[in-house]
Every structure is written in structure tokens, then in C-alpha cells.
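Novice: final-v4.txt is reproduced in full below (compact mmCIF, C-alpha atoms).
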# COMPACT_ATOMS: atom_id res chain seq x y z
CA MET M 108 -31.16 29.93 53.26
CA THR M 109 -32.71 31.22 50.07
CA ARG M 110 -33.91 28.98 47.32
CA SER M 111 -31.15 30.01 45.01
CA THR M 112 -28.53 29.23 47.69
CA GLN M 113 -30.09 25.80 48.21
CA ALA M 114 -30.06 25.23 44.49
CA PHE M 115 -26.41 26.24 44.29
CA ILE M 116 -25.44 23.86 47.11
CA PHE M 117 -27.32 20.96 45.51
CA VAL M 118 -25.73 21.55 42.14
CA ALA M 119 -22.28 21.95 43.70
CA VAL M 120 -22.69 18.67 45.59
CA ALA M 121 -23.94 16.97 42.44
CA LEU M 122 -20.92 18.20 40.47
CA VAL M 123 -18.46 17.04 43.10
CA GLY M 124 -20.14 13.64 43.11
CA LEU M 125 -20.07 13.56 39.34
CA ALA M 126 -16.39 14.49 39.23
CA ALA M 127 -15.60 11.72 41.71
CA GLY M 128 -17.67 9.26 39.71
CA LEU M 129 -15.94 10.16 36.45
CA TYR M 130 -12.53 9.95 38.09
CA PHE M 131 -13.10 6.43 39.33
CA ARG M 132 -14.78 5.48 36.07
CA SER M 133 -11.87 6.72 33.97
CA THR M 134 -9.25 4.97 36.09
CA ALA M 135 -11.21 1.73 36.35
CA GLN M 136 -9.45 0.33 33.30
CA GLU M 137 -6.07 0.91 34.85
CA GLU M 138 -6.77 -0.33 38.31
CA GLY M 139 -9.23 -3.14 37.99
CA PRO M 140 -10.33 -5.13 40.99
CA ALA M 141 -7.66 -7.51 42.11
CA VAL M 142 -8.97 -11.06 41.97
CA THR M 143 -6.87 -14.13 42.56
CA PRO M 144 -8.33 -17.17 40.84
CA PRO M 145 -7.52 -20.28 42.89
CA ALA M 146 -5.76 -22.07 40.01
CA LEU M 147 -3.79 -19.05 38.82
CA LEU M 148 -0.38 -20.21 40.01
CA ASP M 149 -1.00 -23.84 39.05
CA THR M 150 -2.15 -23.39 35.45
CA ALA M 151 0.74 -24.42 33.24
CA LEU M 152 1.35 -22.81 29.87
CA GLU M 153 3.84 -23.67 27.16
CA SER M 154 7.25 -22.18 27.79
CA LEU M 155 9.47 -20.76 25.06
CA GLU M 156 12.32 -22.93 26.32
CA GLY M 157 10.16 -26.03 25.96
CA GLY M 158 7.84 -27.86 28.31
CA ARG M 159 5.03 -26.32 30.29
CA LYS M 160 5.41 -24.04 33.27
CA PRO M 161 2.95 -22.56 35.79
CA LEU M 162 3.26 -19.06 37.25
CA GLY M 163 3.77 -20.82 40.57
CA ALA M 164 7.34 -21.54 39.40
CA TRP M 165 8.14 -17.94 40.40
CA LYS M 166 6.20 -17.85 43.66
CA GLY M 167 7.99 -15.87 46.33
CA LYS M 168 8.99 -13.13 43.85
CA VAL M 169 7.09 -9.94 43.18
CA LEU M 170 5.56 -11.00 39.87
CA VAL M 171 4.46 -8.76 37.02
CA VAL M 172 2.60 -10.88 34.50
CA ASN M 173 2.05 -9.26 31.13
CA PHE M 174 -0.39 -10.70 28.56
CA TRP M 175 0.70 -9.53 25.11
CA ALA M 176 1.12 -10.38 21.43
CA THR M 177 3.62 -9.43 18.75
CA TRP M 178 0.82 -8.06 16.52
CA CYS M 179 -0.43 -5.73 19.28
CA GLY M 180 1.05 -2.24 18.93
CA PRO M 181 0.30 -0.99 22.46
CA CYS M 182 1.99 -4.16 23.79
CA ARG M 183 5.18 -3.40 21.89
CA LYS M 184 5.25 0.09 23.33
CA GLU M 185 5.56 -0.98 26.96
CA ILE M 186 7.95 -3.93 26.59
CA PRO M 187 11.19 -1.86 26.54
CA GLU M 188 10.16 -0.39 29.90
CA PHE M 189 9.60 -3.89 31.31
CA ILE M 190 13.05 -4.97 30.08
CA ARG M 191 14.59 -1.99 31.87
CA MET M 192 12.67 -2.63 35.09
CA GLN M 193 13.65 -6.32 35.05
CA GLN M 194 17.27 -5.33 34.67
CA ASN M 195 17.14 -2.70 37.44
CA LEU M 196 14.89 -4.38 39.99
CA GLY M 197 15.42 -8.10 39.35
CA GLY M 198 17.96 -8.16 42.15
CA GLN M 199 15.34 -6.97 44.62
CA GLY M 200 13.02 -9.84 43.75
CA LEU M 201 11.04 -8.43 40.82
CA GLN M 202 10.17 -10.96 38.15
CA PHE M 203 8.39 -10.17 34.91
CA VAL M 204 6.72 -13.03 33.05
CA GLY M 205 5.23 -12.46 29.61
CA ILE M 206 2.28 -14.53 28.43
CA ALA M 207 2.08 -14.23 24.65
CA ILE M 208 -1.20 -15.00 22.92
CA ASP M 209 0.51 -15.61 19.63
CA ASP M 210 2.44 -18.06 17.44
CA LYS M 211 5.47 -19.47 19.20
CA ASP M 212 7.89 -18.81 16.32
CA LYS M 213 6.85 -15.17 16.04
CA VAL M 214 7.29 -14.75 19.78
CA GLN M 215 10.69 -16.42 19.67
CA ALA M 216 11.86 -14.08 16.90
CA TYR M 217 10.55 -11.04 18.76
CA VAL M 218 12.24 -12.05 22.02
CA ARG M 219 15.56 -12.39 20.19
CA GLU M 220 15.18 -9.15 18.23
CA PHE M 221 14.29 -6.97 21.21
CA GLY M 222 16.32 -8.77 23.85
CA ILE M 223 13.52 -9.63 26.25
CA ASN M 224 15.28 -10.54 29.48
CA TYR M 225 12.42 -12.30 31.27
CA PRO M 226 10.66 -15.63 30.67
CA ILE M 227 7.84 -15.90 28.16
CA LEU M 228 5.01 -18.40 28.18
CA VAL M 229 2.87 -18.90 25.11
CA GLY M 230 -0.81 -19.68 25.06
CA GLU M 231 -3.96 -19.64 23.01
CA LEU M 232 -7.41 -20.11 24.46
CA ASP M 233 -5.91 -21.26 27.75
CA ALA M 234 -4.08 -17.95 28.15
CA VAL M 235 -7.15 -15.95 27.11
CA GLU M 236 -9.16 -17.83 29.73
CA MET M 237 -6.52 -17.12 32.37
CA SER M 238 -6.66 -13.42 31.56
CA ARG M 239 -10.46 -13.44 31.71
CA SER M 240 -10.41 -15.15 35.08
CA LEU M 241 -8.31 -12.21 36.29
CA GLY M 242 -11.01 -9.73 35.37
CA ASN M 243 -10.07 -9.00 31.74
CA GLU M 244 -13.54 -9.73 30.45
CA LEU M 245 -13.02 -7.90 27.17
CA GLY M 246 -10.03 -10.02 26.30
CA GLY M 247 -7.99 -6.85 25.76
CA LEU M 248 -4.23 -6.66 25.27
CA PRO M 249 -1.95 -5.65 26.80
CA PHE M 250 -3.18 -6.76 30.22
CA THR M 251 -0.84 -6.71 33.17
CA ILE M 252 -1.23 -8.01 36.70
CA VAL M 253 0.97 -7.61 39.73
CA ILE M 254 1.21 -10.54 42.15
CA ASP M 255 2.74 -10.16 45.61
CA ARG M 256 5.20 -12.59 47.17
CA SER M 257 2.38 -14.62 48.73
CA GLY M 258 0.76 -15.26 45.35
CA LYS M 259 -2.08 -12.75 45.68
CA VAL M 260 -3.03 -10.53 42.75
CA VAL M 261 -2.82 -6.97 44.02
CA HIS M 262 -3.16 -4.92 40.85
CA SER M 263 -4.37 -5.21 37.26
CA ILE M 264 -3.98 -2.87 34.33
CA LEU M 265 -5.75 -3.05 30.98
CA GLY M 266 -3.91 -1.17 28.24
CA ALA M 267 -0.28 -0.13 27.97
CA THR M 268 1.45 0.89 31.18
CA THR M 269 4.74 2.55 32.00
CA GLU M 270 7.68 2.19 34.36
CA ALA M 271 6.50 5.36 36.14
CA LYS M 272 3.13 3.76 36.93
CA LEU M 273 4.42 0.29 37.79
CA ASN M 274 7.39 1.33 39.88
CA PRO M 275 5.50 2.63 42.96
CA ILE M 276 3.24 -0.45 42.89
CA VAL M 277 6.08 -2.97 42.93
CA GLN M 278 8.25 -0.95 45.32
CA GLY M 279 5.53 -1.33 47.93
CA LEU M 280 5.77 -5.12 47.64
CA PHE M 281 9.51 -5.70 48.11
CA MET J 414 -37.28 23.80 45.14
CA ASN J 415 -38.91 22.93 41.86
CA LEU J 416 -35.95 24.38 39.94
CA ILE J 417 -33.35 22.35 41.77
CA LEU J 418 -33.99 18.92 40.27
CA PRO J 419 -33.90 20.06 36.63
CA ALA J 420 -30.72 22.01 37.37
CA MET J 421 -29.09 18.95 38.91
CA LEU J 422 -30.18 16.72 36.06
CA ALA J 423 -28.85 19.17 33.49
CA ALA J 424 -25.56 19.43 35.35
CA LEU J 425 -25.26 15.63 35.45
CA ALA J 426 -26.41 14.88 31.92
CA LEU J 427 -23.99 17.03 29.94
CA PRO J 428 -20.61 15.75 31.16
CA LEU J 429 -21.79 12.13 31.27
CA ASN J 430 -22.79 12.15 27.62
CA ALA J 431 -19.60 13.85 26.63
CA SER J 432 -17.18 11.51 28.38
CA GLY J 433 -18.96 8.21 28.91
CA ALA J 434 -18.13 6.75 25.52
CA ASP J 435 -14.44 7.47 25.97
CA ALA J 436 -14.21 5.85 29.35
CA ASP J 437 -15.81 2.53 28.38
CA LEU J 438 -14.34 0.08 25.97
CA LEU J 439 -16.74 -1.98 23.92
CA SER J 440 -16.75 -5.74 24.00
CA PRO J 441 -15.29 -7.09 20.74
CA ASP J 442 -18.63 -8.33 19.42
CA LYS J 443 -20.03 -4.81 19.78
CA ALA J 444 -16.90 -3.09 18.47
CA PHE J 445 -16.83 -5.38 15.41
CA ARG J 446 -20.39 -6.31 14.49
CA LEU J 447 -20.47 -9.12 11.97
CA SER J 448 -23.39 -10.12 9.81
CA ALA J 449 -23.46 -12.32 6.73
CA GLN J 450 -25.92 -13.57 4.19
CA LEU J 451 -26.06 -15.76 1.16
CA ALA J 452 -26.81 -12.83 -1.11
CA LYS J 453 -27.33 -14.87 -4.27
CA ALA J 454 -26.50 -18.33 -5.45
CA GLY J 455 -22.79 -18.74 -5.09
CA GLU J 456 -21.93 -15.62 -3.10
CA ILE J 457 -21.69 -14.81 0.57
CA VAL J 458 -21.69 -11.17 1.59
CA VAL J 459 -20.00 -10.56 4.92
CA ARG J 460 -20.49 -7.20 6.53
CA TYR J 461 -18.59 -5.68 9.40
CA ASP J 462 -19.88 -2.61 11.18
CA VAL J 463 -16.90 -1.27 13.07
CA ALA J 464 -17.67 1.13 15.90
CA PRO J 465 -16.04 4.59 15.79
CA GLY J 466 -12.60 4.51 17.39
CA TYR J 467 -11.99 0.84 16.53
CA TYR J 468 -10.35 -0.89 13.58
CA LEU J 469 -9.79 -4.35 12.13
CA TYR J 470 -6.58 -5.55 10.52
CA ARG J 471 -7.33 -6.37 6.87
CA ASP J 472 -4.66 -9.04 6.53
CA LYS J 473 -5.79 -10.88 9.66
CA LEU J 474 -9.27 -11.72 8.40
CA LYS J 475 -9.65 -15.45 7.77
CA PHE J 476 -12.71 -17.30 6.50
CA SER J 477 -13.59 -20.96 6.59
CA VAL J 478 -16.70 -23.11 6.20
CA GLU J 479 -17.98 -26.40 7.49
CA PRO J 480 -18.86 -28.99 6.34
CA ALA J 481 -16.04 -29.62 3.87
CA SER J 482 -18.52 -30.30 1.03
CA VAL J 483 -19.11 -26.55 0.91
CA ALA J 484 -16.21 -24.75 -0.80
CA LEU J 485 -15.19 -21.13 -0.56
CA GLY J 486 -13.65 -19.40 -3.57
CA ASN J 487 -11.08 -16.63 -3.43
CA VAL J 488 -12.03 -13.99 -0.92
CA ARG J 489 -12.05 -10.53 -2.49
CA LEU J 490 -11.08 -8.20 0.30
CA PRO J 491 -11.74 -4.55 -0.52
CA PRO J 492 -8.83 -2.18 0.03
CA GLY J 493 -8.53 -0.88 3.54
CA ARG J 494 -7.40 2.44 4.95
CA ILE J 495 -3.68 2.85 5.29
CA LYS J 496 -2.60 3.35 8.87
CA GLU J 497 0.92 4.55 9.55
CA ASP J 498 1.61 2.44 12.57
CA GLU J 499 4.37 3.33 14.99
CA PHE J 500 5.52 -0.29 15.09
CA PHE J 501 4.29 -2.02 11.96
CA GLY J 502 4.67 0.72 9.35
CA ARG J 503 1.93 0.84 6.71
CA VAL J 504 -0.92 -1.46 7.59
CA GLU J 505 -4.33 -1.75 5.98
CA THR J 506 -7.24 -1.45 8.35
CA TYR J 507 -11.01 -1.47 8.13
CA ARG J 508 -13.10 1.14 9.91
CA ASP J 509 -16.80 1.98 9.83
CA GLU J 510 -18.43 -0.42 7.37
CA VAL J 511 -16.89 -3.05 5.15
CA LEU J 512 -18.52 -5.49 2.72
CA ILE J 513 -16.64 -8.61 1.71
CA ARG J 514 -17.87 -10.84 -1.10
CA ILE J 515 -16.89 -14.49 -1.03
CA PRO J 516 -17.72 -16.96 -3.80
CA VAL J 517 -19.10 -20.21 -2.42
CA LYS J 518 -20.06 -23.56 -3.89
CA VAL J 519 -22.89 -25.19 -2.00
CA PRO J 520 -23.63 -28.76 -3.09
CA ALA J 521 -27.20 -29.63 -4.06
CA GLY J 522 -29.19 -30.68 -1.05
CA ALA J 523 -27.10 -28.77 1.48
CA GLU J 524 -29.48 -26.73 3.56
CA ARG J 525 -27.06 -25.00 5.87
CA PHE J 526 -23.42 -24.49 6.58
CA VAL J 527 -21.34 -22.59 9.12
CA LEU J 528 -19.13 -19.71 8.10
CA THR J 529 -16.33 -19.01 10.58
CA VAL J 530 -14.61 -15.63 10.50
CA ARG J 531 -11.43 -14.98 12.45
CA SER J 532 -10.47 -11.38 12.99
CA GLN J 533 -8.11 -9.18 14.94
CA GLY J 534 -8.76 -5.61 15.85
CA CYS J 535 -7.85 -2.82 18.21
CA ALA J 536 -9.24 0.34 19.75
CA ASP J 537 -7.62 3.73 19.24
CA ALA J 538 -7.75 4.01 23.02
CA GLY J 539 -4.70 1.71 23.14
CA ILE J 540 -5.83 -1.87 23.49
CA CYS J 541 -6.08 -4.74 21.05
CA TYR J 542 -8.44 -7.66 21.35
CA THR J 543 -7.38 -11.26 21.41
CA PRO J 544 -8.21 -12.92 18.06
CA GLN J 545 -11.96 -13.23 17.65
CA GLN J 546 -13.77 -16.14 16.10
CA GLN J 547 -17.34 -15.51 15.04
CA GLN J 548 -19.66 -17.95 13.34
CA VAL J 549 -22.76 -17.52 11.23
CA VAL J 550 -25.12 -20.19 9.94
CA LEU J 551 -25.90 -19.71 6.25
CA GLY J 552 -27.55 -21.70 3.52
CA PRO J 553 -30.25 -21.90 0.88
CA GLY J 554 -32.45 -23.47 3.53
CA LEU J 555 -32.33 -20.26 5.50
CA GLY J 556 -33.53 -18.03 2.68
CA GLN J 557 -31.89 -14.86 1.43
CA ARG J 558 -32.16 -12.55 4.36
CA PRO J 559 -29.90 -11.00 6.95
CA LEU J 560 -29.28 -13.46 9.69
CA ASP J 561 -29.55 -13.04 13.38
CA ALA J 562 -26.61 -11.71 15.30
CA PRO J 563 -23.71 -14.08 14.91
CA LYS J 564 -22.83 -16.33 17.76
CA THR J 565 -19.34 -16.48 19.08
CA GLY J 566 -17.49 -19.32 20.66
CA ALA J 567 -16.28 -22.58 19.29
CA GLY J 568 -18.46 -25.55 18.67
CA SER J 569 -21.86 -24.19 19.52
CA LEU J 570 -22.91 -23.47 15.99
CA LEU J 571 -21.94 -26.84 14.64
CA ASP J 572 -24.90 -28.12 16.59
CA ALA J 573 -27.10 -25.95 14.42
CA LEU J 574 -26.27 -28.23 11.50
CA GLY J 575 -27.86 -31.15 13.29
CA GLU J 576 -31.21 -32.59 12.32
CA ASP J 577 -32.91 -31.53 15.51
CA THR J 578 -33.05 -27.89 14.43
CA PRO J 579 -35.46 -27.55 11.53
CA PRO J 580 -34.48 -25.06 8.85
CA LYS J 581 -36.36 -21.78 8.88
CA ARG J 582 -38.40 -21.24 5.76
Translate the structure of the given file into C-alpha cells.
Specialist:
Amino acid sequence: MTRSTQAFIFVAVALVGLAAGLYFRSTAQEEGPAVTPPALLDTALESLEGGRKPLGAWKGKVLVVNFWATWCGPCRKEIPEFIRMQQNLGGQGLQFVGIAIDDKDKVQAYVREFGINYPILVGELDAVEMSRSLGNELGGLPFTIVIDRSGKVVHSILGATTEAKLNPIVQGLF
Amino acid sequence: MNLILPAMLAALALPLNASGADADLLSPDKAFRLSAQLAKAGEIVVRYDVAPGYYLYRDKLKFSVEPASVALGNVRLPPGRIKEDEFFGRVETYRDEVLIRIPVKVPAGAERFVLTVRSQGCADAGICYTPQQQQVVLGPGLGQRPLDAPKTGAGSLLDALGEDTPPKR
């Protein structure tokens, strides 16, 4: 093997490694490590209907929990897709729950205006903390997690997502 | 073999520099760097250095001070850049650098006070940050100089008003 051949092989290997590294780096925001904080299902947040409710109230369903706010543009973009998925897949055991980090009255008005068909909890620092404990260290919105029927977090997404991305994830959990 | 390592390094360095910044989101305190100083008697100058690709909402900025004996005047927010938002229509945003002048009345004898700034901002990459609260200790007792990096988090800076921390002179 000549020197130039060796050099070519080394560079080729380096580039493949680099490409792999960049791929995983660029998708890291969409598919963060799934962590399940012990108190996740027990932490109660204020419900739009009144009273406080923990995520555990929906245990046994395939849960998609979406942290959002009315003032967050990227959050508004994905919500119509969630409404559609809830309508189409609710019968199979899919349950969306929104956690709004926002003022309750603004959330209430938004829910009415856009016809959100899944329950919404409202929080402040408590909700931010919950999202951080799930790996959202930047405190970014929207942030979405998928929880399987046993209560384990299996997927997390930072930034707006789509029905096309979420559908295969939840289908595997029914 | 002595050509191989430089070739590999060159191959690695170029794409990393070109794409690394896009792949990583900044933490909010790095995306929206806040500093403040008591520029002259009766005026606080707040400065935000906003990282490229990030923006703050002008109408979400809120300022408050403690203790209550210190009084803020009307905040004069400079005009922002108009953003045609898909959902909110025309909104005013701050990018790059912004200076905000706030009149303040500090009672005689007050050495220090805490300025709290609440802000909301987003990244062009498609995420927004939960509302940020940053605090800066200011006061005649601290001299007229740029202060250290602001601390974030509730409560911690109120301790700085206590007697156990001597004022810097």
C-alpha cells in the first residue's frame, strides 16, 4: 500500500466518522435521551378545568406531553397537527396533554379559539422544572415527550414536531 | 505518513466549524447576555447582547427593583426591528445589541439595590425560551463600572443586599 493510498483511506475513514458524528449531533435535539424522573407521573399541575392533576391521571394511555405557550410561535405551528392526531388516534389509546407555561386566561382563550381537543395543564416554575427534569436543560419550547403505557418516557423532542414524525413513534406503542 | 495527520485534521476542521454553531442551541443566558450599570446619578443603562440567530420580544421586557425605597421611572425602550411573524403579525424584536435607559431614584444612604429583568426570546432555529429572570446588583456603593455577569435565579441576589457582603469600593 502506497503512502498516498494510506492517506486516502485515513481521510475517507475520518470523513465517514465525521459524517456520522454530525448526523447524530444534528438529530440530538429531536431525539434526546429518554429519562423518566421518578416523580413525573405524580407531580400535579393546575388544570384548566380547575383543581390540580398529575400526568399519572392518564397512565395506561400512550401519552404525548407537549410543553408550550401561547406566545411561542413554533408551538402554535404544531398544535393543529396534535389536534388532528388526537382526533384520529384517540380511540387507539393516544392521549395528548398540553402543559402551558403561560397565563391561565390566555391559555383558556387560545384553547377555545383553536378548538384544542385534549386536556391542558398550566404551570410556571413547576412546569419549567418538570421539563428540565426530562432533559430540556435549555428550557426551550416547544418540548414534547412520548410516554408509553407503562409510564416510561421513550422519546423527547425539542422544537416543533409534526404528525409525520410523531406518528411512527406512537404507532409502535399501541 | 507525516502528511496524513494534517490532511485528516484539515478534513475534520472545515465541516465542524461550518455546521457546529447551527447544530447547538445556546443556553438563554448566553443567547441573551445582560449587563447593567448605574451610568450616572439617576440612570441605569441596561445592555443586552443578543447572539446572532436569536431575538428578544420588545414588549415582554419587564423591569423591577428591590428594595421598594428605590424607584424606577418610565422605561424608555428603543424601537425594535419589525418582524412579520406567521402567527403574531407585526412584532417588535431586539437583535444584536440594545441599550435601555431607565431613570432611577436611589434614596440617600442606599448602597445597593437589585434590578430584576424579565425577558422572553426565541431562536430562529425554531424554539423559544421559557421566560427568563435575570438580576443585577447595582448602586452608588458599587461605583460606576460594568458589573460582573448577572446572576440568574430567584432569591440568590437578595442576599447580596445583606450586611455580610461589604460593598466593593
Novice: Which residues are close to Gly167 of chain M, i.e. within 8 Å by all atoms listed in the file, leaving aside same-chain residues fewer than 3 positions away? Reply as a list in words.
Specialist: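 What passes the distance filter is Asp255, Arg256, Ser257 and Gly258 of chain M.
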Novice: Using only C-alpha atoms, find the one residue out of J:Leu555, J:Lys518, J:Val458, J:Tyr467 that sits nearest to Tyr542 of chain J.
Specialist: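 Ranked by minimum distance to Tyr542 of chain J, first place goes to J:Tyr467.
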Novice: Show me, as a ChimeraX atom specification, the residues that have an atom within 12 Å of segment 438-440 of chain J when counting only C-alpha atoms, minus same-chain residues fewer than 6 positions from it.
Specialist: /M:132-133,135-136,243-247,265-266 /J:446,463-467,534-543,545
Novice: The selected residues should be written to file as an mmCIF file, in the coordinates of the input (atoms: C-alpha atoms).
Specialist:
data_model
loop_
_atom_site.group_PDB
_atom_site.id
_atom_site.type_symbol
_atom_site.label_atom_id
_atom_site.label_comp_id
_atom_site.auth_asym_id
_atom_site.auth_seq_id
_atom_site.Cartn_x
_atom_site.Cartn_y
_atom_site.Cartn_z
ATOM 1 C CA ARG M 132 -14.780 5.480 36.070
ATOM 2 C CA SER M 133 -11.870 6.720 33.970
ATOM 3 C CA ALA M 135 -11.210 1.730 36.350
ATOM 4 C CA GLN M 136 -9.450 0.330 33.300
ATOM 5 C CA ASN M 243 -10.070 -9.000 31.740
ATOM 6 C CA GLU M 244 -13.540 -9.730 30.450
ATOM 7 C CA LEU M 245 -13.020 -7.900 27.170
ATOM 8 C CA GLY M 246 -10.030 -10.020 26.300
ATOM 9 C CA GLY M 247 -7.990 -6.850 25.760
ATOM 10 C CA LEU M 265 -5.750 -3.050 30.980
ATOM 11 C CA GLY M 266 -3.910 -1.170 28.240
ATOM 12 C CA ARG J 446 -20.390 -6.310 14.490
ATOM 13 C CA VAL J 463 -16.900 -1.270 13.070
ATOM 14 C CA ALA J 464 -17.670 1.130 15.900
ATOM 15 C CA PRO J 465 -16.040 4.590 15.790
ATOM 16 C CA GLY J 466 -12.600 4.510 17.390
ATOM 17 C CA TYR J 467 -11.990 0.840 16.530
ATOM 18 C CA GLY J 534 -8.760 -5.610 15.850
ATOM 19 C CA CYS J 535 -7.850 -2.820 18.210
ATOM 20 C CA ALA J 536 -9.240 0.340 19.750
ATOM 21 C CA ASP J 537 -7.620 3.730 19.240
ATOM 22 C CA ALA J 538 -7.750 4.010 23.020
ATOM 23 C CA GLY J 539 -4.700 1.710 23.140
ATOM 24 C CA ILE J 540 -5.830 -1.870 23.490
ATOM 25 C CA CYS J 541 -6.080 -4.740 21.050
ATOM 26 C CA TYR J 542 -8.440 -7.660 21.350
ATOM 27 C CA THR J 543 -7.380 -11.260 21.410
ATOM 28 C CA GLN J 545 -11.960 -13.230 17.650
#
Novice: Quick one, how far is atom CA of Glu270 of chain M from atom CA of Ala234 of chain M?
Specialist: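 Here the two named atoms are 24.1 Å from each other.
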Novice: Considering only C-alpha atoms, can you say which of J:Asp472, J:Glu456, J:Asp498, J:Glu479 comes closest to chain M?
Specialist: J:Asp498
Novice: Closest to chain J among M:Gly200, M:Gly230, M:Gly158, M:Gly279, using all atoms listed in the file?
Specialist: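 Distance minimum relative to chain J lands on M:Gly230.
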Novice: So what do you get for atom CA of Ser532 of chain J versus atom CA of Gly205 of chain M, distance-wise?
Specialist: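 Straight-line distance from atom CA of Ser532 of chain J to atom CA of Gly205 of chain M works out to 22.9 Å.
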Novice: Applying 9 Å and all atoms listed in the file, which residues near Glu185 of chain M remain after dropping the ones on its own chain fewer than 5 positions away? List them as a ChimeraX atom specification.
Specialist: /M:249,267-270
Novice: Report, in Å to a single decimal, how far apart atom CA of Lys443 of chain J and atom CA of Lys475 of chain J are.
Specialist: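 That distance, rounded to one decimal, is 19.1 Å.
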Novice: Give the answer as one residue: which of M:Thr251, M:Thr150, M:Gln215, M:Gln199 has the shortest atom-to-atom distance to chain J, using only C-alpha atoms?
Specialist: M:Thr251
Novice: Which one of J:Leu447, J:Val483, J:Leu490, J:Val504 sits closest to chain M if you count only C-alpha atoms?
Specialist: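 Looking only at the distances to chain M, the closest residue turns out to be J:Val504.
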Novice: Determine the axis-aligned bounding box of all atoms of segment 439-453 of chain J present in the file, pad each side by 3 Å, and express its centre and edge lengths in Å to one decimal place as JSON.
Specialist:
{"center_x": -21.3, "center_y": -8.9, "center_z": 9.9, "size_x": 18.0, "size_y": 19.8, "size_z": 34.3}
Novice: Need to verify the contact set: Ser477 of chain J, 8 Å, only C-alpha atoms, exclusion of same-chain residues closer than 5 positions in sequence. Can you return it as a CSV table (one decimal) with C-alpha atoms, keeping the file's coordinate frame?
Specialist:
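What follows is the written file result.csv:
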chain,number,residue,atom,x,y,z
J,485,LEU,CA,-15.2,-21.1,-0.6
J,528,LEU,CA,-19.1,-19.7,8.1
J,529,THR,CA,-16.3,-19.0,10.6
J,530,VAL,CA,-14.6,-15.6,10.5
Novice: Hey, which of M:Phe281, M:Phe174, M:Phe189, M:Trp165 ends up closest to chain J? Count only C-alpha atoms.
Specialist: M:Phe174
Novice: Quick one: residues within 8 Å of Ala164 of chain M, all atoms listed in the file counted, chain neighbours fewer than 3 positions away excluded, as a ChimeraX atom specification?
Specialist: /M:148,160-161
